[in-house]
$ cat structure_26.cif   # mmCIF, C-alpha atoms, pLDDT in the B column; chains and numbers go by the auth columns
data_run
loop_
_atom_site.group_PDB
_atom_site.id
_atom_site.type_symbol
_atom_site.label_atom_id
_atom_site.label_comp_id
_atom_site.label_asym_id
_atom_site.label_seq_id
_atom_site.Cartn_x
_atom_site.Cartn_y
_atom_site.Cartn_z
_atom_site.B_iso_or_equiv
_atom_site.auth_seq_id
_atom_site.auth_asym_id
ATOM 1 C CA MET A 1 -49.923 -64.039 139.355 55.00 1 A
ATOM 2 C CA PHE A 2 -49.672 -60.315 140.017 57.00 2 A
ATOM 3 C CA VAL A 3 -48.200 -61.101 143.430 56.00 3 A
ATOM 4 C CA LYS A 4 -45.480 -63.152 141.755 62.00 4 A
ATOM 5 C CA TYR A 5 -44.468 -60.111 139.692 61.00 5 A
ATOM 6 C CA GLN A 6 -44.505 -57.922 142.768 61.00 6 A
ATOM 7 C CA VAL A 7 -42.164 -60.371 144.494 57.00 7 A
ATOM 8 C CA ALA A 8 -39.929 -60.439 141.400 62.00 8 A
ATOM 9 C CA LEU A 9 -39.897 -56.647 141.361 58.00 9 A
ATOM 10 C CA MET A 10 -38.878 -56.531 145.023 62.00 10 A
ATOM 11 C CA VAL A 11 -36.086 -59.027 144.324 59.00 11 A
ATOM 12 C CA LEU A 12 -34.882 -56.856 141.451 58.00 12 A
ATOM 13 C CA ILE A 13 -34.892 -53.839 143.732 62.00 13 A
ATOM 14 C CA SER A 14 -32.774 -55.730 146.265 61.00 14 A
ATOM 15 C CA LEU A 15 -30.428 -56.704 143.423 56.00 15 A
ATOM 16 C CA ALA A 16 -30.056 -53.115 142.416 55.00 16 A
ATOM 17 C CA PHE A 17 -29.198 -52.082 145.943 56.00 17 A
ATOM 18 C CA THR A 18 -26.485 -54.733 146.231 55.00 18 A
ATOM 19 C CA ASN A 19 -24.022 -51.908 145.725 54.00 19 A
ATOM 20 C CA ALA A 20 -25.547 -50.274 148.802 51.00 20 A
ATOM 21 C CA CYS A 21 -23.012 -52.244 150.852 56.00 21 A
ATOM 22 C CA GLN A 22 -20.389 -49.750 149.745 57.00 22 A
ATOM 23 C CA PRO A 23 -19.958 -46.717 151.994 58.00 23 A
ATOM 24 C CA PRO A 24 -21.927 -43.829 150.480 57.00 24 A
ATOM 25 C CA PRO A 25 -19.883 -41.103 148.821 58.00 25 A
ATOM 26 C CA CYS A 26 -20.009 -37.688 150.450 54.00 26 A
ATOM 27 C CA HIS A 27 -22.137 -36.143 147.691 53.00 27 A
ATOM 28 C CA TRP A 28 -25.110 -38.317 148.754 51.00 28 A
ATOM 29 C CA SER A 29 -26.047 -35.625 151.246 58.00 29 A
ATOM 30 C CA ASP A 30 -27.369 -33.765 148.200 60.00 30 A
ATOM 31 C CA ALA A 31 -30.815 -35.206 147.314 59.00 31 A
ATOM 32 C CA LYS A 32 -30.526 -34.578 143.553 66.00 32 A
ATOM 33 C CA PRO A 33 -28.050 -37.440 142.789 69.00 33 A
ATOM 34 C CA MET A 34 -30.316 -39.807 144.758 75.00 34 A
ATOM 35 C CA ASP A 35 -33.352 -38.690 142.742 76.00 35 A
ATOM 36 C CA ASN A 36 -31.477 -39.460 139.522 83.00 36 A
ATOM 37 C CA TYR A 37 -30.301 -42.799 140.899 84.00 37 A
ATOM 38 C CA PHE A 38 -33.848 -43.675 141.934 87.00 38 A
ATOM 39 C CA GLU A 39 -35.243 -42.735 138.522 89.00 39 A
ATOM 40 C CA GLN A 40 -32.634 -44.778 136.643 90.00 40 A
ATOM 41 C CA LEU A 41 -33.113 -47.769 138.938 85.00 41 A
ATOM 42 C CA ALA A 42 -36.911 -47.614 138.668 88.00 42 A
ATOM 43 C CA ASN A 43 -36.755 -47.488 134.849 91.00 43 A
ATOM 44 C CA THR A 44 -34.364 -50.450 134.778 89.00 44 A
ATOM 45 C CA LEU A 45 -36.666 -52.493 137.014 82.00 45 A
ATOM 46 C CA ILE A 46 -39.742 -51.597 134.972 89.00 46 A
ATOM 47 C CA ALA A 47 -37.960 -52.758 131.788 90.00 47 A
ATOM 48 C CA ALA A 48 -36.873 -56.015 133.474 83.00 48 A
ATOM 49 C CA ASP A 49 -40.420 -56.619 134.731 79.00 49 A
ATOM 50 C CA ARG A 50 -41.811 -56.095 131.225 86.00 50 A
ATOM 51 C CA ARG A 51 -39.301 -58.606 129.812 84.00 51 A
ATOM 52 C CA ALA A 52 -40.322 -61.168 132.463 76.00 52 A
ATOM 53 C CA GLN A 53 -43.995 -60.631 131.610 77.00 53 A
ATOM 54 C CA GLU A 54 -43.273 -61.069 127.892 81.00 54 A
ATOM 55 C CA PHE A 55 -41.443 -64.322 128.633 75.00 55 A
ATOM 56 C CA CYS A 56 -44.407 -65.525 130.694 71.00 56 A
ATOM 57 C CA TYR A 57 -46.905 -64.664 127.957 73.00 57 A
ATOM 58 C CA ASN A 58 -44.776 -66.148 125.165 74.00 58 A
ATOM 59 C CA TYR A 59 -44.240 -69.462 126.934 67.00 59 A
ATOM 60 C CA GLY A 60 -47.693 -69.686 128.478 55.00 60 A
ATOM 61 C CA GLY A 61 -47.693 -68.763 132.146 54.00 61 A
ATOM 62 C CA ARG A 62 -47.823 -71.955 134.168 64.00 62 A
ATOM 63 C CA TRP A 63 -48.791 -72.377 137.759 76.00 63 A
ATOM 64 C CA SER A 64 -45.930 -72.900 140.112 80.00 64 A
ATOM 65 C CA LYS A 65 -45.574 -72.907 143.844 87.00 65 A
ATOM 66 C CA GLU A 66 -42.995 -71.394 146.190 89.00 66 A
ATOM 67 C CA ILE A 67 -42.608 -73.042 149.579 91.00 67 A
ATOM 68 C CA PHE A 68 -40.753 -71.611 152.551 89.00 68 A
ATOM 69 C CA GLY A 69 -39.876 -74.568 154.758 88.00 69 A
ATOM 70 C CA LYS A 70 -36.676 -76.250 155.884 88.00 70 A
ATOM 71 C CA GLU A 71 -35.499 -75.403 152.386 91.00 71 A
ATOM 72 C CA PHE A 72 -36.834 -72.901 149.881 93.00 72 A
ATOM 73 C CA THR A 73 -38.660 -74.858 147.182 95.00 73 A
ATOM 74 C CA TYR A 74 -40.087 -74.208 143.729 93.00 74 A
ATOM 75 C CA VAL A 75 -42.588 -76.744 142.378 93.00 75 A
ATOM 76 C CA PHE A 76 -43.344 -76.753 138.639 90.00 76 A
ATOM 77 C CA PRO A 77 -46.111 -79.029 137.331 89.00 77 A
ATOM 78 C CA VAL A 78 -45.134 -80.696 134.053 87.00 78 A
ATOM 79 C CA LYS A 79 -46.919 -83.317 131.994 83.00 79 A
ATOM 80 C CA ARG A 80 -45.685 -85.569 129.208 84.00 80 A
ATOM 81 C CA TYR A 81 -42.007 -85.275 130.135 88.00 81 A
ATOM 82 C CA ASN A 82 -39.314 -87.518 131.541 88.00 82 A
ATOM 83 C CA ALA A 83 -36.640 -86.457 134.025 91.00 83 A
ATOM 84 C CA ALA A 84 -34.010 -86.728 131.266 91.00 84 A
ATOM 85 C CA ASP A 85 -35.826 -83.980 129.326 91.00 85 A
ATOM 86 C CA PHE A 86 -34.906 -81.298 131.899 93.00 86 A
ATOM 87 C CA THR A 87 -31.949 -79.108 132.700 94.00 87 A
ATOM 88 C CA VAL A 88 -31.915 -76.690 135.606 96.00 88 A
ATOM 89 C CA MET A 89 -29.357 -73.870 135.608 96.00 89 A
ATOM 90 C CA ILE A 90 -28.545 -70.815 137.694 94.00 90 A
ATOM 91 C CA LYS A 91 -26.535 -67.779 136.704 91.00 91 A
ATOM 92 C CA ASN A 92 -26.017 -65.296 139.507 84.00 92 A
ATOM 93 C CA ARG A 93 -29.553 -65.312 140.964 83.00 93 A
ATOM 94 C CA LEU A 94 -31.486 -66.250 137.826 87.00 94 A
ATOM 95 C CA LEU A 95 -33.039 -69.742 137.810 90.00 95 A
ATOM 96 C CA PHE A 96 -33.768 -71.342 134.434 90.00 96 A
ATOM 97 C CA VAL A 97 -35.739 -74.605 134.187 91.00 97 A
ATOM 98 C CA ASN A 98 -35.779 -75.990 130.653 90.00 98 A
ATOM 99 C CA GLY A 99 -37.593 -79.085 129.436 89.00 99 A
ATOM 100 C CA ASN A 100 -37.497 -80.370 125.865 86.00 100 A
ATOM 101 C CA SER A 101 -39.281 -83.459 124.633 83.00 101 A
ATOM 102 C CA CYS A 102 -40.317 -84.412 121.120 82.00 102 A
ATOM 103 C CA ASP A 103 -43.681 -82.657 121.421 81.00 103 A
ATOM 104 C CA ASN A 104 -43.259 -80.096 124.194 80.00 104 A
ATOM 105 C CA ILE A 105 -41.081 -77.232 125.329 82.00 105 A
ATOM 106 C CA PHE A 106 -41.074 -76.124 128.951 84.00 106 A
ATOM 107 C CA ALA A 107 -39.213 -72.993 130.051 85.00 107 A
ATOM 108 C CA GLU A 108 -39.435 -71.139 133.345 86.00 108 A
ATOM 109 C CA VAL A 109 -37.327 -68.270 134.646 84.00 109 A
ATOM 110 C CA ARG A 110 -37.286 -67.061 138.242 85.00 110 A
ATOM 111 C CA ILE A 111 -35.243 -64.424 140.032 83.00 111 A
ATOM 112 C CA LEU A 112 -34.004 -65.962 143.262 87.00 112 A
ATOM 113 C CA PRO A 113 -33.895 -64.218 146.635 85.00 113 A
ATOM 114 C CA ASP A 114 -30.400 -63.380 147.841 83.00 114 A
ATOM 115 C CA TYR A 115 -30.727 -65.441 151.037 85.00 115 A
ATOM 116 C CA LEU A 116 -30.539 -68.776 149.171 89.00 116 A
ATOM 117 C CA ASN A 117 -27.460 -70.946 148.777 88.00 117 A
ATOM 118 C CA VAL A 118 -27.470 -71.515 145.016 90.00 118 A
ATOM 119 C CA TYR A 119 -24.427 -73.837 145.278 91.00 119 A
ATOM 120 C CA GLY A 120 -26.410 -76.281 147.433 92.00 120 A
ATOM 121 C CA ALA A 121 -29.417 -76.417 145.079 95.00 121 A
ATOM 122 C CA TYR A 122 -30.713 -79.681 143.613 97.00 122 A
ATOM 123 C CA TRP A 123 -33.852 -80.854 141.858 96.00 123 A
ATOM 124 C CA VAL A 124 -36.046 -83.935 141.586 96.00 124 A
ATOM 125 C CA TYR A 125 -38.644 -85.119 139.090 94.00 125 A
ATOM 126 C CA GLU A 126 -41.568 -86.984 140.609 90.00 126 A
ATOM 127 C CA ASN A 127 -45.324 -87.227 140.061 89.00 127 A
ATOM 128 C CA GLU A 128 -45.133 -85.034 136.935 89.00 128 A
ATOM 129 C CA GLU A 129 -43.479 -82.212 138.878 91.00 129 A
ATOM 130 C CA VAL A 130 -40.027 -80.658 138.759 93.00 130 A
ATOM 131 C CA VAL A 131 -39.155 -79.645 142.315 95.00 131 A
ATOM 132 C CA VAL A 132 -36.100 -77.427 142.881 96.00 132 A
ATOM 133 C CA TYR A 133 -34.699 -77.166 146.424 96.00 133 A
ATOM 134 C CA PHE A 134 -32.458 -74.424 147.833 94.00 134 A
ATOM 135 C CA PRO A 135 -30.915 -74.398 151.297 92.00 135 A
ATOM 136 C CA TYR A 136 -31.001 -71.057 153.034 88.00 136 A
ATOM 137 C CA ILE A 137 -27.824 -69.135 153.802 84.00 137 A
ATOM 138 C CA TYR A 138 -27.838 -69.656 157.543 71.00 138 A
ATOM 139 C CA ASN A 139 -25.707 -67.901 160.127 61.00 139 A
ATOM 140 C CA ARG A 140 -25.340 -70.394 162.986 58.00 140 A
ATOM 141 C CA SER A 141 -23.828 -67.831 165.346 59.00 141 A
ATOM 142 C CA ILE A 142 -27.032 -65.771 165.405 60.00 142 A
ATOM 143 C CA GLY A 143 -29.402 -68.641 164.554 63.00 143 A
ATOM 144 C CA LYS A 144 -31.119 -66.822 161.706 66.00 144 A
ATOM 145 C CA ILE A 145 -31.305 -66.778 157.950 65.00 145 A
ATOM 146 C CA TYR A 146 -28.484 -64.545 156.847 60.00 146 A
ATOM 147 C CA LYS A 147 -28.914 -61.820 154.260 63.00 147 A
ATOM 148 C CA GLN A 148 -25.784 -60.092 153.106 61.00 148 A
ATOM 149 C CA CYS A 149 -24.259 -58.397 150.121 65.00 149 A
ATOM 150 C CA HIS A 150 -22.997 -61.192 147.892 63.00 150 A
ATOM 151 C CA PRO A 151 -20.563 -60.823 145.053 67.00 151 A
ATOM 152 C CA GLN A 152 -22.193 -61.507 141.734 73.00 152 A
ATOM 153 C CA ASN A 153 -21.314 -64.786 140.067 73.00 153 A
ATOM 154 C CA PRO A 154 -21.217 -64.728 136.237 80.00 154 A
ATOM 155 C CA GLN A 155 -20.643 -68.507 136.064 87.00 155 A
ATOM 156 C CA VAL A 156 -23.477 -70.846 135.045 90.00 156 A
ATOM 157 C CA ILE A 157 -24.257 -73.457 137.683 89.00 157 A
ATOM 158 C CA THR A 158 -25.844 -76.656 136.397 91.00 158 A
ATOM 159 C CA VAL A 159 -28.107 -77.826 139.219 93.00 159 A
ATOM 160 C CA GLN A 160 -27.770 -81.557 139.893 92.00 160 A
ATOM 161 C CA ARG A 161 -30.743 -83.916 139.828 92.00 161 A
ATOM 162 C CA ARG A 162 -31.328 -86.327 142.697 92.00 162 A
ATOM 163 C CA GLU A 163 -33.494 -89.404 142.723 83.00 163 A
ATOM 164 C CA GLY A 164 -36.698 -89.310 144.754 68.00 164 A
ATOM 165 C CA ALA A 165 -38.400 -86.584 146.709 56.00 165 A
ATOM 166 C CA ASN A 166 -36.780 -84.723 149.574 54.00 166 A
ATOM 167 C CA THR A 167 -39.450 -83.976 152.153 48.00 167 A
ATOM 168 C CA ASP A 168 -43.216 -83.677 152.210 50.00 168 A
ATOM 169 C CA VAL A 169 -43.393 -81.796 148.909 48.00 169 A
ATOM 170 C CA LYS A 170 -45.774 -83.992 146.964 45.00 170 A
ATOM 171 C CA HIS A 171 -49.023 -83.625 145.032 41.00 171 A
ATOM 172 C CA PHE A 172 -49.334 -79.859 145.139 41.00 172 A
ATOM 173 C CA PHE A 173 -51.314 -79.607 141.947 38.00 173 A
ATOM 174 C CA GLU A 174 -54.605 -81.145 140.938 37.00 174 A
ATOM 175 C CA TYR A 175 -54.797 -81.718 137.177 31.00 175 A
#
$ encode --input "structure_26.cif" --output "C-alpha cells"
Amino acid sequence: MFVKYQVALMVLISLAFTNACQPPPCHWSDAKPMDNYFEQLANTLIAADRRAQEFCYNYGGRWSKEIFGKEFTYVFPVKRYNAADFTVMIKNRLLFVNGNSCDNIFAEVRILPDYLNVYGAYWVYENEEVVVYFPYIYNRSIGKIYKQCHPQNPQVITVQRREGANTDVKHFFEY
C-alpha cells in the first residue's frame, strides 16, 4: 500500500512539472528561485498525499491491481453490486470510480499517469470486479509509448461501460 502512495506521489510530481515544457526564464540560473519553487511544490504534494490517505482511510482502503499490458488496467474487487450501480469518471488525470447500491458505497480515486489516453478509456463489470482499461498514448513513428506535456482538461469525462471482459484480466482476487 505504501508503494501505491509512492507511485501517486511520483505522478503528482510529474503533474507539477507539466509546466516544465515552457522554456525556463533567464533568472533560473540563480538557485534561490528554484529552491523556493521546490519547497512550494514539495509542500503541495505532501498536502495532496495526505488528502489521498485520508480518503483511503475514510472509505476503507480496498485492494486493487494495476496491470501494464497491451492496455493499462485497474482492477477493483467489488461485492454485492450490479454494473448499473457504478459510474466511472475522469477529470484531467483523476480517475473516480463510484458505486452506490442500497446497502453499500464504493468510492476509489486514482491519479493517472500522463502516458494514458483518457479519451479511449472504458470499463467492464464481471466476476464481481470493476475493470477500467486505458490505451497508452503511442507514437507510431518511434514505436514507443509517448510521454509529452499535455494541456490540462477541466472537463469531466464519463467513461463508457462495455459488455464482457477485454483480454485475460479475470479472477485476480481470491475472496
$ closest_residue --input "structure_26.cif" --among "A:Gln152, A:Ser101, A:Thr73, A:Gln53" --to "Pro135 in chain A" --atoms "all atoms listed in the file"
A:Thr73
$ closest_residue --input "structure_26.cif" --among "A:Glu128, A:Glu54, A:Glu71, A:Glu163" --to "Val109 in chain A" --atoms "all atoms listed in the file"
A:Glu54
$ resolve_selection --input "structure_26.cif" --expression "the PyMOL selection byres ((chain A and resi 103) around 12)" --output "VMD selection string"
chain A and resid 79 to 81 85 99 to 102 104 to 106
$ residues_around --input "structure_26.cif" --residues "Arg110 in chain A" --least-positions-apart "2" --cutoff "10 Å" --atoms "all atoms listed in the file" --output "ChimeraX atom specification"
/A:4,8,52,74,90,93-97,108,112-113
$ atom_distance --input "structure_26.cif" --atom1 "CA of Asn92 in chain A" --atom2 "CA of Val118 in chain A"
8.4 Å
$ decode --input "structure_26.cif" --residues "range 33-169 of chain A" --atoms "C-alpha atoms" --output "compact mmCIF listing (two decimals), in the first residue's frame"
# COMPACT_ATOMS: atom_id res chain seq x y z
CA PRO A 33 14.14 30.79 -7.05
CA MET A 34 14.48 27.04 -7.74
CA ASP A 35 14.82 26.32 -4.01
CA ASN A 36 11.61 28.25 -3.36
CA TYR A 37 9.86 26.50 -6.24
CA PHE A 38 10.99 23.12 -4.93
CA GLU A 39 9.81 23.91 -1.40
CA GLN A 40 6.38 25.10 -2.58
CA LEU A 41 5.97 22.09 -4.87
CA ALA A 42 7.03 19.63 -2.16
CA ASN A 43 4.55 21.14 0.34
CA THR A 44 1.75 20.97 -2.23
CA LEU A 45 2.50 17.31 -2.95
CA ILE A 46 2.68 16.43 0.74
CA ALA A 47 -0.75 18.04 1.29
CA ALA A 48 -2.21 16.17 -1.71
CA ASP A 49 -0.74 12.88 -0.45
CA ARG A 50 -2.28 13.45 2.99
CA ARG A 51 -5.69 14.11 1.40
CA ALA A 52 -5.41 10.87 -0.62
CA GLN A 53 -4.51 8.94 2.53
CA GLU A 54 -7.48 10.45 4.39
CA PHE A 55 -9.78 9.43 1.54
CA CYS A 56 -8.37 5.90 1.67
CA TYR A 57 -8.84 5.64 5.43
CA ASN A 58 -12.34 7.15 5.38
CA TYR A 59 -13.62 4.83 2.66
CA GLY A 60 -11.73 1.75 3.80
CA GLY A 61 -8.68 1.07 1.68
CA ARG A 62 -9.51 -1.72 -0.73
CA TRP A 63 -7.15 -3.90 -2.65
CA SER A 64 -6.81 -3.04 -6.28
CA LYS A 65 -4.46 -4.08 -9.01
CA GLU A 66 -2.64 -2.14 -11.72
CA ILE A 67 -1.66 -4.07 -14.82
CA PHE A 68 0.74 -2.90 -17.51
CA GLY A 69 -0.11 -4.91 -20.61
CA LYS A 70 -1.49 -4.12 -24.05
CA GLU A 71 -3.56 -1.57 -22.18
CA PHE A 72 -3.08 -0.06 -18.74
CA THR A 73 -5.67 -1.64 -16.44
CA TYR A 74 -7.07 -1.03 -12.97
CA VAL A 75 -8.97 -3.91 -11.34
CA PHE A 76 -11.21 -3.15 -8.35
CA PRO A 77 -12.82 -6.06 -6.49
CA VAL A 78 -16.43 -5.30 -5.53
CA LYS A 79 -19.07 -7.48 -3.92
CA ARG A 80 -22.82 -7.08 -3.67
CA TYR A 81 -23.10 -4.65 -6.58
CA ASN A 82 -24.53 -4.66 -10.08
CA ALA A 83 -22.95 -2.99 -13.10
CA ALA A 84 -25.74 -0.37 -13.07
CA ASP A 85 -24.58 0.76 -9.61
CA PHE A 86 -21.30 2.20 -10.97
CA THR A 87 -20.14 5.36 -12.65
CA VAL A 88 -16.57 5.90 -13.75
CA MET A 89 -15.38 9.46 -14.41
CA ILE A 90 -12.13 11.23 -15.25
CA LYS A 91 -11.28 14.88 -14.81
CA ASN A 92 -7.87 15.83 -16.14
CA ARG A 93 -5.87 12.86 -14.81
CA LEU A 94 -8.02 12.00 -11.79
CA LEU A 95 -9.98 8.73 -12.01
CA PHE A 96 -13.09 8.37 -9.85
CA VAL A 97 -14.92 5.03 -9.57
CA ASN A 98 -18.20 5.35 -7.67
CA GLY A 99 -20.60 2.56 -6.78
CA ASN A 100 -23.87 3.05 -4.91
CA SER A 101 -26.28 0.29 -4.03
CA CYS A 102 -28.95 0.18 -1.35
CA ASP A 103 -26.54 -1.17 1.27
CA ASN A 104 -23.07 -0.22 0.06
CA ILE A 105 -20.99 2.71 -1.10
CA PHE A 106 -17.84 2.16 -3.13
CA ALA A 107 -15.50 5.05 -3.96
CA GLU A 108 -11.98 4.92 -5.35
CA VAL A 109 -9.77 7.75 -6.57
CA ARG A 110 -6.58 7.30 -8.57
CA ILE A 111 -4.18 9.77 -10.16
CA LEU A 112 -3.49 8.55 -13.68
CA PRO A 113 -0.09 8.56 -15.38
CA ASP A 114 0.24 11.11 -18.17
CA TYR A 115 1.02 8.49 -20.83
CA LEU A 116 -2.57 7.17 -20.89
CA ASN A 117 -5.24 8.09 -23.41
CA VAL A 118 -8.11 9.02 -21.10
CA TYR A 119 -10.45 9.59 -24.08
CA GLY A 120 -10.13 5.93 -25.11
CA ALA A 121 -10.88 4.56 -21.62
CA TYR A 122 -13.71 2.11 -20.96
CA TRP A 123 -14.75 -0.22 -18.16
CA VAL A 124 -16.40 -3.59 -17.65
CA TYR A 125 -18.09 -5.29 -14.71
CA GLU A 126 -17.51 -9.02 -14.48
CA ASN A 127 -16.93 -11.61 -11.75
CA GLU A 128 -17.53 -9.02 -9.00
CA GLU A 129 -14.79 -6.76 -10.37
CA VAL A 130 -14.82 -3.33 -11.99
CA VAL A 131 -12.03 -3.31 -14.58
CA VAL A 132 -11.04 0.02 -16.15
CA TYR A 133 -8.94 -0.06 -19.34
CA PHE A 134 -6.78 2.74 -20.77
CA PRO A 135 -4.94 2.64 -24.08
CA TYR A 136 -1.46 4.08 -23.99
CA ILE A 137 -0.57 7.24 -25.89
CA TYR A 138 1.54 5.61 -28.57
CA ASN A 139 3.82 7.31 -31.06
CA ARG A 140 3.87 5.02 -34.10
CA SER A 141 6.75 6.87 -35.75
CA ILE A 142 9.16 5.91 -32.97
CA GLY A 143 7.32 2.75 -31.88
CA LYS A 144 7.21 3.67 -28.20
CA ILE A 145 4.82 4.86 -25.55
CA TYR A 146 4.80 8.61 -25.86
CA LYS A 147 5.11 10.92 -22.87
CA GLN A 148 4.61 14.58 -23.52
CA CYS A 149 3.36 17.74 -21.92
CA HIS A 150 -0.41 17.63 -22.25
CA PRO A 151 -2.75 20.54 -21.80
CA GLN A 152 -4.93 20.12 -18.76
CA ASN A 153 -8.55 19.24 -19.39
CA PRO A 154 -11.06 20.66 -16.88
CA GLN A 155 -13.96 18.75 -18.48
CA VAL A 156 -15.40 15.66 -16.79
CA ILE A 157 -15.24 12.56 -18.98
CA THR A 158 -17.83 9.89 -18.23
CA VAL A 159 -16.10 6.60 -19.06
CA GLN A 160 -18.34 4.26 -21.06
CA ARG A 161 -19.13 0.73 -19.92
CA ARG A 162 -18.73 -2.18 -22.32
CA GLU A 163 -20.19 -5.64 -22.03
CA GLY A 164 -17.84 -8.51 -21.26
CA ALA A 165 -14.16 -8.66 -20.49
CA ASN A 166 -11.47 -7.35 -22.79
CA THR A 167 -8.46 -9.63 -22.51
CA ASP A 168 -7.09 -12.09 -19.99
CA VAL A 169 -7.92 -9.89 -16.99
